[in-house]
Each structure stands twice: as structure tokens, then as C-alpha cells.
Amino acid sequence: MSSNPLRFNLPSITEREWAYVRQSLESRHLSGDGGFTHKVHAWLKDHTQSPHALLVHSCTAALEMSALLCDLKSGDEVIMPSFTFVSTANAVVLRGAQPVFVDIRPDTLNIDENKIAAAITPKTKAIFVVHYAGVACEMDSILALAQRHNLKVVEDAAQGLMAKYKGKALGAIGDLGCISFHETKNLVSGEGGSLLIRNPELALRAEILREKGTNRSQFFRGQVDKYTWVDVGSSYLPSDLLAALLMAQLERAEEITAKRLKVWDLYHRELISLERYGVRRPFIPSHCEHNAHMYYVITNSLDERTQLIQFLKEQKIQAPFHYVPLHTSPAGRRFSRAHGQLTHTEQLADRLLRLPLHAELEAADQSRIIQAVHDFYQQAAQS
Ligand SMILES: *Cc1c(COP(=O)(O)O)cnc(C)c1O
């Protein structure tokens with residue numbers, strides 16, 4: 001048995017990443033919006049078919065810009081799942097608006113599209129959906145509902161690059177889409193993110209928000225003869241050095257995704273027999289193309305999950321659980337409210353366990369993980 005702990009996540013770095021980072025350093029252009037950033041923008045637009053894409057320093061930044069672009073203010077409400085990362089909610093709270101949580105579907109763990117309508121009030125301004133594990137929310141019904149009520153749709157597609165819904169790239173379906181390049185995601189620059197924008201006027205404003213509220217980007221395109229403070233804003237753009245690292249990853253997107261999918265598929269095949277113990281595996285609707293962002297199992301209880309985590313830890317396998325539902329957290333109780341019972345959110349968050357998944361995971365190591373999970377359930381069944 002290998003004595004190195006099996007890491008849950010590991011970024012894949014090749015000669016290409018080293019070469020581009022070196023090239024960036026040699027160019028002496030280290031601030032934002034250099035040559036590599038422009039290449040990243042072109043790749044994102046081409047790949048997602050989004051008319052506008054901006055590289056930002058995190059998905060959190062993209063979510064904050066989205067909240068600004070939705071003109072959220074005190075008294076407004078935004079519908080979202082509670083089963084998500086804090087950034088989805090913080091972006092709304094920072095504008096003085098209130099997140100309103102609705103329950104998730106038990107199969108995909110995405111926001112339940114059939115529970116959104118009942119949560120809409122005259123104060124509702126937007127729906128922030130989260131494509132959990134790179135599996136799409138039911139965007140057709142969500143967009144139709146948003147249109148009927150004149151609401152903006154923001155996609156938290158932090159986990160969704162290279163995944164699709166009915167052939168469309170996640171993040172490029174709603175009004176605004178937010179992608180993450182954090183080290184724990186599929187394609188990474190350590191920290192990083194992107195904002196995808198459908199509407200050209202919003203895109204122009206996004207550019208200004210990202211450049212400290214100035215029209216600096218228009219100045220560089222020769223559209224204005226000096227740049228000045230024209231709107232609110234902050235510094236949301238990353239160094240071109242990170243864009244260089246990211247560009248190498250984007251050029252390897254197919255390769256990295258194929259490797260991840262291979263690992264995902266093997267887990268899915270080899271763990272099917274756990275269903276006889278009541279363990280559930282991920283569900284991918286037939287119209288969704290996922291990106292193997294995550295492989296999880298859903299155990300029967302919190303107790304069982306705690307024991308399984310301990311069992312795997314003893315075998316040096318890192319297997320973490322995931323979100324603590326936001327409505328149960330101290331800040332969630334202060335800043336937000338739940339609409340109705342969040343039964344699935346509460347029950348599934350307690351039972352979900354993620355298994356190591358990255359492009360560099362060796363077959364022998366994955367076999368060991370699969371064997372360990374089987375051993376746990378066999379021993380439990382015997383005792
Ligand atoms: C990772 C993640 C974020 C935050 O991404 P950063 O790039 O680290 O800011 C937001 N939402 C979801 C659903 C995520 O998984």
C-alpha cells in the first residue's frame with residue numbers, strides 16, 4: 001500500500017504551463033489585460049459561444065460584479081439554493097439585498113425549478129442558479145419563469161466549464177455566468193474566474209466595474225481620448241501572469257476533461273453494487289453533458305458518512321464532505337431566509353461524500369479507493 005496520502009485534488013501542470021508563465025515574465029507585462037488575457041477572452045467566447053467574456057480574479061468577483069450589474073439594493077430579494085458556496089450568497093448580501101433559499105432536487109442536488117415560482121415576491125429581482133458538480137440546472141423552465149416575472153438569471157457556473165445543457169455551455173445560458181479557475185476546479189490558475197455576459201450594454205458596464213469604475217478599456221481601444229471615473233467599480237482583473245498559466249490549461253481543456261471523465265466513469269461503474277446497501281451515486285439527466293467536476297456518493301446517514309470518512313482517512317485517502325447549508329450557518333441566519341422547508345438540502349448535505357478526482361489520479365490509486373469503499377460496506381454488513 002502506498003504511504004503517501006491520496007490527495008482529493010491535484011492541479012495538472014505540464015511543460016506548457018511553465019513555458020507560458022516564463023513567456024509572460026519575459027514579456028514584462030505583469031498587470032492585467034496583457035496578451036494572455038486577450039487570448040483567454042477569445043478562448044472563452046469561442047468555447048462558450050458567449051458574446052462577451054471577462055477574466056476576473058475569482059468566481060467570487062464575477063458573482064459580485066453580477067450583483068452590481070443586476071442593480072441589487074437594500075430591500076431586494078434573490079432566489080438561490082442554500083446548498084452552495086458562500087460566495088453565491090455574499091455577492092447579494094454585499095449589495096444589501098436578501099438571499100431567499102429554496103430547496104434542491106434530490107436527484108441532481110440543483111435548485112428545484114418547480115419550487116422557485118412560490119418564492120417569488122414583488123421584491124424578487126433575480127434568480128442565482130448553481131450548476132452543482134458541473135451538472136446543469138433545468139434552465140429552460142428557469143428562464144421561462146424569469147421572463148414571465150422580469151427577473152435576471154445569473155448562473156454560478158463555478159464548477160461548470162466544459163459542461164453543457166442541451167448543447168449550450170454552462171454560464172452562457174442566462175444573463176450572466178460566473179466561472180471559477182480556483183485550484184480546486186477543473187481548469188485552474190490558482191485563483192481566477194470569468195464573467196460571461198449576454199447583453200452588450202451590460203458588457204460595457206461590466207468592463208467599467210472591473211477597471212475601478214473607469215472607462216480605461218474604451219480608452220485603450222481608442223474610443224475615448226482620456227480615461228476617467230464614470231461609475232462605481234473595483235479592481236477585479238488578475239495579473240497577466242495568471243492569464244498565462246490559465247491559457248495553458250485552457251489549451252489542455254479537452255485532454256484534462258477526458259482524463260477526469262475516465263476517472264468519473266470508472267467510479268460510476270465500480271460503485272454501482274453499493275446501491276444494494278442504499279448508497280446513491282450521481283444522476284446525470286440525459287440532456288446534460290457533465291464535465292466530471294466531482295464524484296460523490298450519498299450515504300444512508302450522517303453517522304455512516306462520518307465512519308466512512310474515518311475509515312478512508314486511516315487508509316490515507318482524503319474524502320471530504322461538502323457544503324454546510326447556508327440557511328443553517330450563523331451568517332445565513334442573519335442575512336437570508338428560507339422559503340419553505342429545505343428538507344432535501346438538509347438531509348443530503350449531511351450524507352454526501354466526495355471521492356478524490358483529478359486528471360493525475362493513477363489507476364492503481366483509484367482501484368485502492370474503490371476497494372476501500374467496498375471494504376467499508378462489506379465490513380458494516382457483516383457486523
Ligand atoms: C468554487 C466556487 C465558488 C467560488 O469560486 P472562487 O473562484 O474561489 O471565488 C463559487 N461558487 C461555487 C458553486 C463554487 O464551487
# chains A, B, ... in the order shown; residues from 1 in each chain; ligands from 1

$ residues_around --residues "Ser194 in chain A" --least-positions-apart "2" --cutoff "9 Å" --atoms "only C-alpha atoms" --output "PyMOL selection string"
chain A and resi 41+44+53-59+61-62+158+177-181+192+196

$ write_last_selection --atoms "N, CA, C and O atoms" --output "mmCIF file, in the first residue's frame"
data_model
loop_
_atom_site.group_PDB
_atom_site.id
_atom_site.type_symbol
_atom_site.label_atom_id
_atom_site.label_comp_id
_atom_site.auth_asym_id
_atom_site.auth_seq_id
_atom_site.Cartn_x
_atom_site.Cartn_y
_atom_site.Cartn_z
ATOM 1 N N HIS A 41 -9.735 35.626 -23.201
ATOM 2 C CA HIS A 41 -11.059 36.153 -23.590
ATOM 3 C C HIS A 41 -11.535 35.510 -24.889
ATOM 4 O O HIS A 41 -12.696 35.078 -25.005
ATOM 5 N N LEU A 44 -12.537 31.858 -24.297
ATOM 6 C CA LEU A 44 -13.794 31.719 -23.554
ATOM 7 C C LEU A 44 -14.996 32.015 -24.445
ATOM 8 O O LEU A 44 -16.005 31.312 -24.410
ATOM 9 N N ALA A 53 -16.882 37.994 -22.657
ATOM 10 C CA ALA A 53 -16.248 37.274 -21.543
ATOM 11 C C ALA A 53 -15.154 38.143 -20.953
ATOM 12 O O ALA A 53 -14.392 38.772 -21.692
ATOM 13 N N LEU A 54 -15.101 38.218 -19.631
ATOM 14 C CA LEU A 54 -14.047 38.984 -18.963
ATOM 15 C C LEU A 54 -13.342 38.090 -17.955
ATOM 16 O O LEU A 54 -13.994 37.393 -17.169
ATOM 17 N N LEU A 55 -12.018 38.133 -17.981
ATOM 18 C CA LEU A 55 -11.247 37.406 -16.978
ATOM 19 C C LEU A 55 -11.222 38.254 -15.704
ATOM 20 O O LEU A 55 -10.959 39.456 -15.760
ATOM 21 N N VAL A 56 -11.519 37.621 -14.579
ATOM 22 C CA VAL A 56 -11.512 38.322 -13.293
ATOM 23 C C VAL A 56 -10.702 37.504 -12.288
ATOM 24 O O VAL A 56 -10.231 36.407 -12.613
ATOM 25 N N HIS A 57 -10.522 38.036 -11.084
ATOM 26 C CA HIS A 57 -9.593 37.349 -10.179
ATOM 27 C C HIS A 57 -10.213 36.167 -9.450
ATOM 28 O O HIS A 57 -9.514 35.390 -8.813
ATOM 29 N N SER A 58 -11.532 35.980 -9.553
ATOM 30 C CA SER A 58 -12.170 34.823 -8.923
ATOM 31 C C SER A 58 -13.616 34.732 -9.391
ATOM 32 O O SER A 58 -14.167 35.701 -9.923
ATOM 33 N N CYS A 59 -14.209 33.589 -9.159
ATOM 34 C CA CYS A 59 -15.646 33.473 -9.424
ATOM 35 C C CYS A 59 -16.407 34.357 -8.437
ATOM 36 O O CYS A 59 -17.462 34.906 -8.763
ATOM 37 N N ALA A 61 -15.504 37.282 -7.494
ATOM 38 C CA ALA A 61 -15.526 38.609 -8.127
ATOM 39 C C ALA A 61 -16.597 38.665 -9.211
ATOM 40 O O ALA A 61 -17.331 39.655 -9.329
ATOM 41 N N ALA A 62 -16.702 37.600 -10.001
ATOM 42 C CA ALA A 62 -17.712 37.569 -11.074
ATOM 43 C C ALA A 62 -19.122 37.640 -10.479
ATOM 44 O O ALA A 62 -20.006 38.309 -11.022
ATOM 45 N N ALA A 158 -19.397 28.099 -11.457
ATOM 46 C CA ALA A 158 -18.032 27.951 -10.924
ATOM 47 C C ALA A 158 -17.468 26.583 -11.280
ATOM 48 O O ALA A 158 -16.293 26.446 -11.606
ATOM 49 N N GLY A 177 -22.974 34.767 -16.410
ATOM 50 C CA GLY A 177 -22.451 33.475 -15.971
ATOM 51 C C GLY A 177 -21.106 33.666 -15.285
ATOM 52 O O GLY A 177 -20.291 34.473 -15.723
ATOM 53 N N CYS A 178 -20.901 32.928 -14.190
ATOM 54 C CA CYS A 178 -19.693 33.093 -13.387
ATOM 55 C C CYS A 178 -18.943 31.771 -13.326
ATOM 56 O O CYS A 178 -19.509 30.751 -12.925
ATOM 57 N N ILE A 179 -17.672 31.817 -13.725
ATOM 58 C CA ILE A 179 -16.852 30.597 -13.803
ATOM 59 C C ILE A 179 -15.668 30.745 -12.866
ATOM 60 O O ILE A 179 -15.182 31.854 -12.648
ATOM 61 N N SER A 180 -15.202 29.631 -12.309
ATOM 62 C CA SER A 180 -14.043 29.682 -11.410
ATOM 63 C C SER A 180 -12.866 28.917 -11.979
ATOM 64 O O SER A 180 -13.027 27.836 -12.550
ATOM 65 N N PHE A 181 -11.676 29.487 -11.777
ATOM 66 C CA PHE A 181 -10.426 28.797 -12.099
ATOM 67 C C PHE A 181 -9.627 28.554 -10.827
ATOM 68 O O PHE A 181 -8.398 28.469 -10.852
ATOM 69 N N GLY A 192 -8.826 32.560 -9.772
ATOM 70 C CA GLY A 192 -9.214 33.112 -11.076
ATOM 71 C C GLY A 192 -10.670 32.836 -11.365
ATOM 72 O O GLY A 192 -11.289 31.967 -10.755
ATOM 73 N N LEU A 196 -19.223 35.859 -17.855
ATOM 74 C CA LEU A 196 -19.778 35.784 -19.211
ATOM 75 C C LEU A 196 -21.029 36.653 -19.237
ATOM 76 O O LEU A 196 -21.854 36.594 -18.321
#

$ residues_around --residues "range 22-32 of chain A" --least-positions-apart "3" --cutoff "12 Å" --atoms "only C-alpha atoms" --output "MDAnalysis selection string"
chainID A and resid 15:19 35:38 40 54:57 210:211 216:217 235:248

$ closest_residue --among "A:Ala133, A:Leu266, A:Leu204, A:Leu274" --to "Lys185 in chain A" --atoms "only C-alpha atoms"
A:Ala133

$ residues_around --residues "Thr299 in chain A" --least-positions-apart "5" --cutoff "9 Å" --atoms "only C-alpha atoms" --output "ChimeraX atom specification"
/A:277-280,304-305,308,348,350-353

$ write_last_selection --atoms "N, CA, C and O atoms" --output "short mmCIF file (atom, residue, chain, number, x, y, z; two decimals), in the first residue's frame"
data_model
loop_
_atom_site.label_atom_id
_atom_site.label_comp_id
_atom_site.auth_asym_id
_atom_site.auth_seq_id
_atom_site.Cartn_x
_atom_site.Cartn_y
_atom_site.Cartn_z
N TYR A 277 -26.59 -1.49 -0.67
CA TYR A 277 -26.50 -1.01 0.73
C TYR A 277 -27.25 0.31 0.91
O TYR A 277 -27.14 0.95 1.95
N GLY A 278 -27.94 0.74 -0.13
CA GLY A 278 -28.68 2.00 -0.04
C GLY A 278 -27.87 3.24 -0.40
O GLY A 278 -28.34 4.36 -0.26
N VAL A 279 -26.63 3.02 -0.88
CA VAL A 279 -25.77 4.15 -1.25
C VAL A 279 -26.18 4.65 -2.64
O VAL A 279 -26.44 3.84 -3.53
N ARG A 280 -26.24 5.98 -2.79
CA ARG A 280 -26.63 6.56 -4.08
C ARG A 280 -25.45 7.16 -4.81
O ARG A 280 -24.54 7.70 -4.20
N GLU A 304 -23.07 7.23 9.23
CA GLU A 304 -22.40 6.33 8.29
C GLU A 304 -21.31 7.10 7.54
O GLU A 304 -20.20 6.60 7.34
N ARG A 305 -21.63 8.35 7.14
CA ARG A 305 -20.63 9.15 6.42
C ARG A 305 -19.41 9.43 7.30
O ARG A 305 -18.28 9.33 6.85
N LEU A 308 -17.31 6.40 7.43
CA LEU A 308 -16.64 6.14 6.15
C LEU A 308 -15.46 7.10 5.95
O LEU A 308 -14.38 6.69 5.51
N LEU A 348 -29.45 15.78 2.46
CA LEU A 348 -28.41 15.34 1.54
C LEU A 348 -27.04 15.94 1.89
O LEU A 348 -26.02 15.29 1.74
N ASP A 350 -25.87 16.33 4.72
CA ASP A 350 -25.33 15.51 5.80
C ASP A 350 -24.78 14.17 5.33
O ASP A 350 -24.06 13.50 6.05
N ARG A 351 -25.18 13.77 4.13
CA ARG A 351 -24.87 12.40 3.71
C ARG A 351 -23.91 12.31 2.52
O ARG A 351 -23.49 11.23 2.14
N LEU A 352 -23.59 13.47 1.94
CA LEU A 352 -22.78 13.47 0.71
C LEU A 352 -21.28 13.41 1.04
O LEU A 352 -20.79 14.12 1.90
N LEU A 353 -20.58 12.55 0.30
CA LEU A 353 -19.13 12.41 0.47
C LEU A 353 -18.47 12.42 -0.90
O LEU A 353 -18.90 11.72 -1.82
#

$ select_by_dssp --residues "range 212-363 of chain A" --states "alpha helix (DSSP H)" --output "PyMOL selection string"
chain A and resi 216-220+240-251+253-270+302-314+330-335+343-351+363

$ write_last_selection --atoms "C-alpha atoms" --output "PDB file, in the first residue's frame"
ATOM      1  CA  ARG A 216      -9.922  52.661 -19.257  1.00  0.00           C
ATOM      2  CA  SER A 217     -10.773  49.763 -21.621  1.00  0.00           C
ATOM      3  CA  GLN A 218     -12.534  52.136 -24.040  1.00  0.00           C
ATOM      4  CA  PHE A 219      -9.501  54.453 -23.838  1.00  0.00           C
ATOM      5  CA  PHE A 220      -7.169  51.613 -24.843  1.00  0.00           C
ATOM      6  CA  ASP A 240      -1.498  38.651 -17.000  1.00  0.00           C
ATOM      7  CA  LEU A 241       0.892  36.161 -15.379  1.00  0.00           C
ATOM      8  CA  LEU A 242      -2.122  34.189 -14.124  1.00  0.00           C
ATOM      9  CA  ALA A 243      -3.748  34.510 -17.535  1.00  0.00           C
ATOM     10  CA  ALA A 244      -0.618  32.843 -18.971  1.00  0.00           C
ATOM     11  CA  LEU A 245      -0.973  29.900 -16.601  1.00  0.00           C
ATOM     12  CA  LEU A 246      -4.682  29.708 -17.378  1.00  0.00           C
ATOM     13  CA  MET A 247      -4.164  29.840 -21.148  1.00  0.00           C
ATOM     14  CA  ALA A 248      -2.034  26.691 -20.942  1.00  0.00           C
ATOM     15  CA  GLN A 249      -4.828  24.982 -19.015  1.00  0.00           C
ATOM     16  CA  LEU A 250      -7.496  26.095 -21.494  1.00  0.00           C
ATOM     17  CA  GLU A 251      -5.452  24.707 -24.392  1.00  0.00           C
ATOM     18  CA  ALA A 253      -9.137  21.568 -21.683  1.00  0.00           C
ATOM     19  CA  GLU A 254     -10.093  18.566 -23.837  1.00  0.00           C
ATOM     20  CA  GLU A 255      -7.248  16.448 -22.505  1.00  0.00           C
ATOM     21  CA  ILE A 256      -7.899  17.298 -18.846  1.00  0.00           C
ATOM     22  CA  THR A 257     -11.657  16.790 -19.210  1.00  0.00           C
ATOM     23  CA  ALA A 258     -11.182  13.419 -20.940  1.00  0.00           C
ATOM     24  CA  LYS A 259      -8.906  12.243 -18.113  1.00  0.00           C
ATOM     25  CA  ARG A 260     -11.376  13.383 -15.470  1.00  0.00           C
ATOM     26  CA  LEU A 261     -14.279  11.728 -17.260  1.00  0.00           C
ATOM     27  CA  LYS A 262     -12.345   8.458 -17.360  1.00  0.00           C
ATOM     28  CA  VAL A 263     -11.881   8.557 -13.587  1.00  0.00           C
ATOM     29  CA  TRP A 264     -15.539   9.526 -13.065  1.00  0.00           C
ATOM     30  CA  ASP A 265     -16.804   6.727 -15.329  1.00  0.00           C
ATOM     31  CA  LEU A 266     -14.735   4.113 -13.521  1.00  0.00           C
ATOM     32  CA  TYR A 267     -16.098   5.199 -10.123  1.00  0.00           C
ATOM     33  CA  HIS A 268     -19.605   5.123 -11.526  1.00  0.00           C
ATOM     34  CA  ARG A 269     -19.205   1.578 -12.904  1.00  0.00           C
ATOM     35  CA  GLU A 270     -17.341   0.144  -9.949  1.00  0.00           C
ATOM     36  CA  LEU A 302     -24.555  11.354   8.791  1.00  0.00           C
ATOM     37  CA  ASP A 303     -23.238   8.690  11.134  1.00  0.00           C
ATOM     38  CA  GLU A 304     -22.397   6.332   8.293  1.00  0.00           C
ATOM     39  CA  ARG A 305     -20.634   9.150   6.423  1.00  0.00           C
ATOM     40  CA  THR A 306     -18.549  10.071   9.474  1.00  0.00           C
ATOM     41  CA  GLN A 307     -17.442   6.458   9.851  1.00  0.00           C
ATOM     42  CA  LEU A 308     -16.637   6.142   6.146  1.00  0.00           C
ATOM     43  CA  ILE A 309     -14.533   9.333   6.211  1.00  0.00           C
ATOM     44  CA  GLN A 310     -12.617   7.936   9.204  1.00  0.00           C
ATOM     45  CA  PHE A 311     -12.184   4.534   7.513  1.00  0.00           C
ATOM     46  CA  LEU A 312     -10.781   6.185   4.370  1.00  0.00           C
ATOM     47  CA  LYS A 313      -8.572   8.509   6.392  1.00  0.00           C
ATOM     48  CA  GLU A 314      -6.974   5.521   8.112  1.00  0.00           C
ATOM     49  CA  PRO A 330     -24.621  31.936  11.536  1.00  0.00           C
ATOM     50  CA  ALA A 331     -24.358  34.481   8.689  1.00  0.00           C
ATOM     51  CA  GLY A 332     -27.093  32.745   6.730  1.00  0.00           C
ATOM     52  CA  ARG A 333     -29.474  33.126   9.656  1.00  0.00           C
ATOM     53  CA  ARG A 334     -28.629  36.820   9.899  1.00  0.00           C
ATOM     54  CA  PHE A 335     -28.749  37.831   6.255  1.00  0.00           C
ATOM     55  CA  THR A 343     -35.687  19.057   3.553  1.00  0.00           C
ATOM     56  CA  HIS A 344     -33.557  17.675   0.718  1.00  0.00           C
ATOM     57  CA  THR A 345     -30.877  20.314   1.305  1.00  0.00           C
ATOM     58  CA  GLU A 346     -30.576  19.427   4.974  1.00  0.00           C
ATOM     59  CA  GLN A 347     -30.694  15.667   4.543  1.00  0.00           C
ATOM     60  CA  LEU A 348     -28.406  15.340   1.540  1.00  0.00           C
ATOM     61  CA  ALA A 349     -25.776  17.806   2.788  1.00  0.00           C
ATOM     62  CA  ASP A 350     -25.328  15.506   5.804  1.00  0.00           C
ATOM     63  CA  ARG A 351     -24.871  12.399   3.708  1.00  0.00           C
ATOM     64  CA  ALA A 363      -5.412   3.763 -11.997  1.00  0.00           C
TER      65      ALA A 363
END

$ select_by_dssp --residues "range 134-272 of chain A" --states "strand (DSSP E or B)" --output "PyMOL selection string"
chain A and resi 152-156+164-165+168-169+176-180+182+190+193-197+211+214+229+235

$ residues_around --residues "range 160-166 of chain A" --least-positions-apart "6" --cutoff "6 Å" --atoms "only C-alpha atoms" --output "ChimeraX atom specification"
/A:134,136,287-291

$ closest_residue --among "A:Lys226, A:Arg276, A:His182, A:His358" --to "ligand 1" --atoms "only C-alpha atoms and all ligand atoms"
A:His182

$ atom_distance --atom1 "CA of Thr214 in chain A" --atom2 "CA of Val232 in chain A"
8.2 Å

$ atom_distance --atom1 "atom 9 (O, counted along the ligand's line) of ligand 1" --atom2 "CA of Ala319 in chain A"
21.7 Å
